[in-house]
Structure formats: C-alpha cells, structure tokens
Amino acid sequence: MKNISGMRLMALIILCACLLCACGLFGAKPPLFDGLYLVYDFGGSSVRVTFSAIDADSFNAVLSAGAEEPDSAAAQNGTTVDARLRTTYGTPYDGGILGPLWIPPSQVKKGGSAHGDEVSEVMEWNGWEVGVVRASVARGALSGEWYYDRATGFLVGGMKATIMNADEGGTVFVLDDSNLAALFE
C-alpha cells in the first residue's frame, strides 16, 4: 500500500512540474488581432507595423514607411508570425529598425528577460510605465535603449545610436498611434 501511495505522490509531483514548465513555455501572448497597427515616429519619419490574421494562430506582420495602411504590394512582403510574435524560424519578430516589438508583460520588471537582455529598470516615460532594456553590439558600434509598456509588453519607444550619431543622442523613436486602446489609456 505504501508503494502505491508513493508512486501516486511521485506522479503528482511530475504532473505539477510539467504544468509549471508548460506555463513558462507557453505563457502570455501579445494582444494581437486582425488589423492591429502600431505607428512609430522614428527620428521624424513614420514607421508602421500592421498585423493581418492568416488563421487563429498566425499573422502577417507588414513593416512599411509612413503612417497609412500599407498597399497590397507591401502586404505581400510581410513576415509570418505566430500568436506569440515569433517568426517561422522561432526568433522574436523585430520591426526592422525598431527591434523586438514585444516581451511578456510579466517580464517588464527590473531583472526581467527581454530576448536575452535584461530589463535594467522600470520608470515612467512619455506617460507609460516602461521596462528599459539597454543593449549594444559590435563593441558599441550600435547601442540603444528600448522601452516596453508594462501593461501590454509592446515596444513604445526608445533610442538607437551608432558610433556616428551617439554624440547627438542617436535616433529617438516613440509610438505615435495604434488601434490597441490599452496603449493609450
């Protein structure tokens, strides 16, 4: 009788461990929907990311210049992403010059993980409570700060600098418009 109870306890422990792992792997999803758009002011020019549903679990993400909806030619050159904003290669979708567009809101905290980098602090910025991610590559040839909204996990702004424009503060970008109401509440 003791052996059966011990085996049941072990099975329960394994089940709980599997559930915890599954929650970590399949955690939060970004609030994507058909027609979602994000428009950023990137150093005085507009950059738009538009999502069109392909099916219940995948979207076509189109990066385009300007604030207007992309034309059909641009829409054909989109990137297929899943409901967790991962490309078909399993990498985080980045909005080209913007960088990764989303991290789970549970990670928008000091010490949180942002695609291999760490959220260094949480602060108020342009009306949003944001997690700040600082990173540089190629020995500082490209560096920047990315600001992720604490409520939604979406990128709401930042700054990118190269060796050539770092002294002038780099290029600042900020979310200017979106049809995701939670970003502007």
# chains A, B, ... in the order shown; residues from 1 in each chain; ligands from 1
$ select_by_dssp --residues "chain A" --states "helix (DSSP H, G or I)" --output "VMD selection string"
chain A and resid 2 to 26 72 to 76 105 to 107 166 to 168 181 to 184
$ residues_around --residues "Ser178 of chain A" --least-positions-apart "6" --cutoff "9 Å" --atoms "only C-alpha atoms" --output "PyMOL selection string"
chain A and resi 36-40+184
$ closest_residue --among "A:Val172, A:Ala182, A:Val119, A:Val108" --to "Arg150 of chain A" --atoms "only C-alpha atoms"
A:Val108
$ atom_distance --atom1 "atom CA of Gly158 of chain A" --atom2 "atom CA of Gly144 of chain A"
7.3 Å
$ residues_around --residues "Ala83 of chain A" --least-positions-apart "2" --cutoff "9 Å" --atoms "only C-alpha atoms" --output "list of chain:residue names"
A:Lys29, A:Pro30, A:Pro31, A:Leu32, A:Ala56, A:Asp57, A:Ser58, A:Phe59, A:Val81, A:Leu85, A:Arg86
$ closest_residue --among "A:Asp117, A:Asp82, A:Glu68, A:Asp94" --to "Ser52 of chain A" --atoms "only C-alpha atoms"
A:Asp82
$ atom_distance --atom1 "atom CA of Gly153 of chain A" --atom2 "atom CA of Trp102 of chain A"
5.3 Å
$ closest_residue --among "A:Leu142, A:Ala75, A:Val49, A:Leu180" --to "Met164 of chain A" --atoms "only C-alpha atoms"
A:Leu142
$ select_by_dssp --residues "segment 52-173 of chain A" --states "strand (DSSP E or B)" --output "PyMOL selection string"
chain A and resi 52-55+58-65+79-82+86-87+92+94+100+102+113-114+117-125+128-137+142-149+154-162+171-173
$ residues_around --residues "Met123 of chain A" --least-positions-apart "5" --cutoff "10 Å" --atoms "only C-alpha atoms" --output "PyMOL selection string"
chain A and resi 109-110+128-132+147+150
$ write_last_selection --atoms "N, CA and C atoms" --output "CSV table (one decimal), in the first residue's frame"
chain,number,residue,atom,x,y,z
A,109,LYS,N,9.9,44.1,-15.7
A,109,LYS,CA,10.2,44.4,-14.3
A,109,LYS,C,11.7,44.4,-14.3
A,110,LYS,N,12.3,45.0,-13.2
A,110,LYS,CA,13.7,45.0,-13.1
A,110,LYS,C,14.2,43.6,-13.0
A,128,TRP,N,3.9,56.4,-20.2
A,128,TRP,CA,3.8,55.0,-20.0
A,128,TRP,C,4.7,54.6,-18.8
A,129,GLU,N,4.3,53.5,-18.1
A,129,GLU,CA,5.3,52.8,-17.2
A,129,GLU,C,6.0,51.8,-18.0
A,130,VAL,N,7.3,51.9,-18.1
A,130,VAL,CA,8.1,51.1,-19.1
A,130,VAL,C,9.2,50.3,-18.4
A,131,GLY,N,9.5,49.2,-19.0
A,131,GLY,CA,10.7,48.5,-18.6
A,131,GLY,C,11.8,48.9,-19.6
A,132,VAL,N,13.0,49.3,-19.2
A,132,VAL,CA,14.0,49.7,-20.0
A,132,VAL,C,15.0,48.6,-20.3
A,147,TYR,N,12.0,50.7,-24.8
A,147,TYR,CA,11.1,50.9,-23.7
A,147,TYR,C,9.8,50.1,-24.0
A,150,ARG,N,4.6,48.4,-19.6
A,150,ARG,CA,4.4,47.4,-18.5
A,150,ARG,C,3.1,46.6,-18.7
$ closest_residue --among "A:Thr50, A:Asp34, A:Thr171, A:Pro100" --to "Ser143 of chain A" --atoms "only C-alpha atoms"
A:Thr171
$ atom_distance --atom1 "atom CA of Arg84 of chain A" --atom2 "atom CA of Ser45 of chain A"
27.6 Å
$ residues_around --residues "Gly170 of chain A" --least-positions-apart "5" --cutoff "9 Å" --atoms "only C-alpha atoms" --output "list in words"
Gly43, Ser143, Gly144, Met159, Lys160, Ala161, Thr162, Ile163, Met164 and Asn165 of chain A
$ write_last_selection --atoms "N, CA and C atoms" --output "short mmCIF file (atom, residue, chain, number, x, y, z; two decimals), in the first residue's frame"
data_model
loop_
_atom_site.label_atom_id
_atom_site.label_comp_id
_atom_site.auth_asym_id
_atom_site.auth_seq_id
_atom_site.Cartn_x
_atom_site.Cartn_y
_atom_site.Cartn_z
N GLY A 43 12.65 59.26 -35.54
CA GLY A 43 13.51 60.36 -35.94
C GLY A 43 12.86 61.30 -36.95
N SER A 143 24.22 50.84 -30.33
CA SER A 143 23.72 50.72 -28.96
C SER A 143 22.34 51.36 -28.89
N GLY A 144 21.65 51.07 -27.82
CA GLY A 144 20.34 51.67 -27.71
C GLY A 144 19.62 51.34 -26.43
N MET A 159 15.69 54.54 -28.21
CA MET A 159 16.74 55.32 -28.84
C MET A 159 17.77 54.33 -29.38
N LYS A 160 18.19 54.57 -30.60
CA LYS A 160 19.25 53.76 -31.21
C LYS A 160 20.37 54.71 -31.64
N ALA A 161 21.59 54.30 -31.38
CA ALA A 161 22.73 55.14 -31.74
C ALA A 161 23.82 54.30 -32.38
N THR A 162 24.51 54.91 -33.31
CA THR A 162 25.71 54.31 -33.90
C THR A 162 26.89 55.15 -33.45
N ILE A 163 28.06 54.71 -33.75
CA ILE A 163 29.25 55.49 -33.42
C ILE A 163 29.16 56.87 -34.06
N MET A 164 28.51 56.94 -35.23
CA MET A 164 28.43 58.19 -35.98
C MET A 164 27.49 59.22 -35.34
N ASN A 165 26.40 58.78 -34.64
CA ASN A 165 25.46 59.76 -34.11
C ASN A 165 25.26 59.67 -32.59
#
$ residues_around --residues "Phe42 of chain A" --least-positions-apart "5" --cutoff "9 Å" --atoms "only C-alpha atoms" --output "number ranges by chain"
A: 47, 97-98, 157, 171-175
